[in-house]
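Colleague: Take this structure first; my questions come after.
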Amino acid sequence: MASSQNQASSLSSSSAKGDMLMRPPRVPHNRKRKAPDALEEHKPSRRMMAVVSYDGTDWSGWQTQSHGRTIQDSLEARLSGLLRVQTTIAGAGRTDAGVHAKAQVFHFDLPTTSLSSLGLRPEHTSEDAAAAVQLRMTGLSENCGLPSSIQVLSVIPAPGGDAFHARDSCIGKRYVYTVREGLGTPFNARYSWALGRSKMCDLEAMRLAAAH
């Protein structure tokens with residue numbers, strides 16, 4: 001059901017600008033650091049799970065396209081340069097052009113042969129590798145190698161290892177569409193859709209529609 005507060009309403013409509021929040025599998029905050037695994041250094045790769053936030057206003061959506069500037073392309077270019085090998089990522093979902101994400105999950109495989117590019121050796125743990133990638137991909141754009149509109153929030157070893165998949169393991173997605181009654185302002189133009197002069201939401205009609 002839609003609600004009106006401070007002249008702004010939430011509305012499920014593709015014509016409004018949207019934010020997407022994706023919840024990754026729960027990982028205990030007090031999880032103990034894993035001891036080095038003698039077999040881990042012989043694995044060809046380690047699967048990583050990352051969470052990214054972005055302002056999609058100036059982007060052509062999430063997914064790689066033949067013509068367009070996409071979030072996936074930017075993340076893959078940064079990872080490929082960091083790991084010194086062509087790296088492909090898989091997202092928990094896709095966003096269209098102009099849509100933002102507060103916490104979108106993606107995964108990638110980090111080759112054991114690329115650990116040296118992070119200053120690590122094969123005997124280092126997946127936790128060490130994740131921390132090294134996170135250190136190099138978070139923070140200010142001049143430090144993380146990503147545009148200021150994209151910010152990686154975290155990188156951890158994928159729960160479940162190679163069995164984890166960002167899309168198939170996703171346990172929930174929440175989409176928020178924001179509509180502003182009347183005229184908008186330059187300060188919220190990127191994150192809401194203004195109805196226009198003197199125009200208001202018909203909350204009763206919205207409640208009736210939401211009931212079906």
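Please note that chains go A, B, ... in the order of the structure tokens, that every chain numbers its residues from 1, and that ligands are numbered from 1 in the order shown.
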Using DSSP secondary structure from the backbone, list all strand (DSSP E) positions within range 33-164 of chain A, as an MDAnalysis selection string.
Modeller: chainID A and resid 45:54 90:91 100:111 150:157
Colleague: Which neighbours of Leu135 in chain A fall inside 12 Å, counting only C-alpha atoms, when residues of the same chain fewer than 6 positions from it are skipped, and could you give them as a ChimeraX atom specification?
Modeller: /A:82,118,128-129,143-145,152-156
Colleague: Counting only C-alpha atoms, what is within 6 Å of range 193-204 of chain A, bar same-chain residues fewer than 3 positions away, as a VMD selection string?
Modeller: chain A and resid 16 179 to 184 207
Colleague: Please report the interatomic distance between CA of Gln65 in chain A and CA of Tyr175 in chain A in Å with one decimal.
Modeller: 22.9 Å
Colleague: Please, which residues of range 73-126 of chain A, numbered as in this document, come out alpha helix (DSSP H) from DSSP, as a VMD selection string?
Modeller: chain A and resid 73 to 83 126
Colleague: I'd like the contact shell of Ile89 in chain A - 12 Å cut-off, only C-alpha atoms, skipping same-chain residues fewer than 3 positions apart - returned as an MDAnalysis selection string.
Modeller: chainID A and resid 47:51 62:64 71:80 86 92:93 105:110 165:167
Colleague: Please indicate the distance in Å from CA of Ser114 in chain A to CA of Cys170 in chain A, rounded to one decimal place.
Modeller: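 Straight-line distance from CA of Ser114 in chain A to CA of Cys170 in chain A works out to 27.3 Å.
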Colleague: In terms of the shortest atom-to-atom distance over only C-alpha atoms, which of A:Ala158, A:Tyr191, A:Ser53, A:Leu120 is closest to Val176 in chain A?
Modeller: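 Closest candidate: A:Tyr191.
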Colleague: Could you tell me how far CA of Ser149 in chain A sits from CA of Tyr54 in chain A, in Å to one decimal place?
Modeller: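 Computed distance, CA of Tyr54 in chain A to CA of Ser149 in chain A, equals 5.4 Å.
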Colleague: Counting only C-alpha atoms, figure out which residue out of A:Ala103, A:Lys43, A:Asp168, A:Lys173 gets nearest to His124 in chain A.
Modeller: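 Between A:Ala103, A:Lys43, A:Asp168, A:Lys173, the residue approaching His124 in chain A most closely is A:Lys43.
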